[in-house]
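**Q** Before I ask anything, here is the structure I am working with.
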Amino acid sequence: MPNTKKTKKDFFDKVYEIVAKIPKGKVTTYGAIAETCGIRSAARTVGWALNSAKNTNLPCHRVVNRIGALTGKNHFGNPMLMEELLRAEGIEFTKDNFVNMSKHFWHPKRVNK
DNA sequence: AAGCTGACCTCGC
DNA sequence: GGCGAGGCCAGCT
């Protein structure tokens, strides 16, 4: 691939693009985003990206881990805020407080090829 | 300045 | 099938 420069910052930028495009009432996972960015092992970095995204208007609450648990709820300031936001969007939760991934899982598509 | 941590995931034994 | 370690990027101490 040409790969002119594709700095690492591009990774962050892509994460924001994807997260910003998450439809209402849908959720995605860190791994999906990381994979869409081209690096599935960078799922961790995705979390960091959201950490900064927290400062932006990105719906970071729509991003959960692979099992559908709100791992980052603690970082929202109010743990229950995340659940409230998701419920307000129509996301359904299981008895274990896990998001119903089978129903609201949204797979991001590669914006740039 | 260097090293560790952090909202994870996947592969290996 | 369960447990362990590795890997990615950026920010903070």
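Labeling convention for the structure tokens: chains A, B, ... as they appear, residues from 1 per chain, ligands from 1 in order of appearance.
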Only residues of chain C matter here; which ones have an atom within 6 Å of chain A, counting only C-alpha atoms (C1' of nucleotides)? Give them as a list in words.

**A** DG7, DC8 and DC9 of chain C

**Q** Please write the residues from the selection above to a file, keeping C-alpha atoms (C1' of nucleotides), as an mmCIF file, in the first residue's frame.

**A**
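Just written: again-v3.cif:
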data_model
loop_
_atom_site.group_PDB
_atom_site.id
_atom_site.type_symbol
_atom_site.label_atom_id
_atom_site.label_comp_id
_atom_site.auth_asym_id
_atom_site.auth_seq_id
_atom_site.Cartn_x
_atom_site.Cartn_y
_atom_site.Cartn_z
ATOM 1 C "C1'" DG C 7 1.075 -6.574 21.920
ATOM 2 C "C1'" DC C 8 -0.514 -1.852 20.511
ATOM 3 C "C1'" DC C 9 -0.439 3.923 21.319
#

**Q** Set the cut-off to 9 Å and count only C-alpha atoms (C1' of nucleotides): what are the residues of chain B that reach chain A? Output as a list of chain:residue names.

**A**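 The selection requested is B:DG6, B:DA7, B:DC8, B:DC9, B:DT10.
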
**Q** Have a look at CA of Ile91 (chain A) and CA of Val27 (chain A) and let me know their distance in Å, one decimal.

**A**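 Atom-to-atom, CA of Ile91 (chain A) to CA of Val27 (chain A), that is 8.2 Å.
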
**Q** If you count only C-alpha atoms (C1' of nucleotides), which residues fall within 12 Å of Lys21 (chain A), apart from same-chain ones fewer than 3 positions away, as number ranges by chain?

**A** A: 14-18, 24-28, 33, 57-60, 62-63, 106-111

**Q** Using DSSP on the backbone coordinates, identify the residues of chain A assigned to alpha helix (DSSP H); present them as a ChimeraX atom specification.

**A** /A:9-20,30-37,43-53,79-89,101-104

**Q** Got time to write the residues from that selection, C-alpha atoms, as a short mmCIF file (atom, residue, chain, number, x, y, z; two decimals), in the first residue's frame?

**A**
data_model
loop_
_atom_site.label_atom_id
_atom_site.label_comp_id
_atom_site.auth_asym_id
_atom_site.auth_seq_id
_atom_site.Cartn_x
_atom_site.Cartn_y
_atom_site.Cartn_z
CA LYS A 9 -2.03 9.76 15.21
CA ASP A 10 -4.04 8.41 12.32
CA PHE A 11 -5.06 5.57 14.54
CA PHE A 12 -6.54 7.89 17.09
CA ASP A 13 -8.21 9.91 14.41
CA LYS A 14 -9.80 6.84 12.95
CA VAL A 15 -11.13 5.78 16.30
CA TYR A 16 -12.87 9.10 16.64
CA GLU A 17 -14.34 8.76 13.18
CA ILE A 18 -15.73 5.35 13.92
CA VAL A 19 -17.07 6.16 17.34
CA ALA A 20 -18.69 9.29 16.02
CA TYR A 30 -12.96 -2.06 21.31
CA GLY A 31 -11.73 -4.97 19.28
CA ALA A 32 -14.02 -4.10 16.38
CA ILE A 33 -12.72 -0.56 16.31
CA ALA A 34 -9.15 -1.68 16.63
CA GLU A 35 -9.59 -4.17 13.86
CA THR A 36 -11.23 -1.57 11.66
CA CYS A 37 -8.26 0.65 12.28
CA ALA A 43 -7.75 -2.61 21.46
CA ARG A 44 -6.07 -1.14 24.50
CA THR A 45 -5.15 1.98 22.63
CA VAL A 46 -8.77 2.36 21.65
CA GLY A 47 -9.60 2.72 25.30
CA TRP A 48 -7.05 5.47 25.60
CA ALA A 49 -8.50 7.15 22.55
CA LEU A 50 -11.87 7.18 24.22
CA ASN A 51 -10.23 8.57 27.29
CA SER A 52 -9.43 11.63 25.25
CA ALA A 53 -12.73 11.32 23.47
CA PRO A 79 -20.69 4.91 36.76
CA MET A 80 -24.43 4.77 36.38
CA LEU A 81 -24.32 7.54 33.83
CA MET A 82 -23.19 5.15 31.15
CA GLU A 83 -25.96 2.72 31.84
CA GLU A 84 -28.48 5.50 31.92
CA LEU A 85 -27.29 6.87 28.60
CA LEU A 86 -27.40 3.48 26.96
CA ARG A 87 -30.82 2.71 28.34
CA ALA A 88 -32.02 6.08 27.16
CA GLU A 89 -30.88 5.12 23.67
CA MET A 101 -24.71 -7.39 22.09
CA SER A 102 -26.62 -9.91 20.01
CA LYS A 103 -29.22 -7.23 19.48
CA HIS A 104 -27.33 -3.96 19.47
#
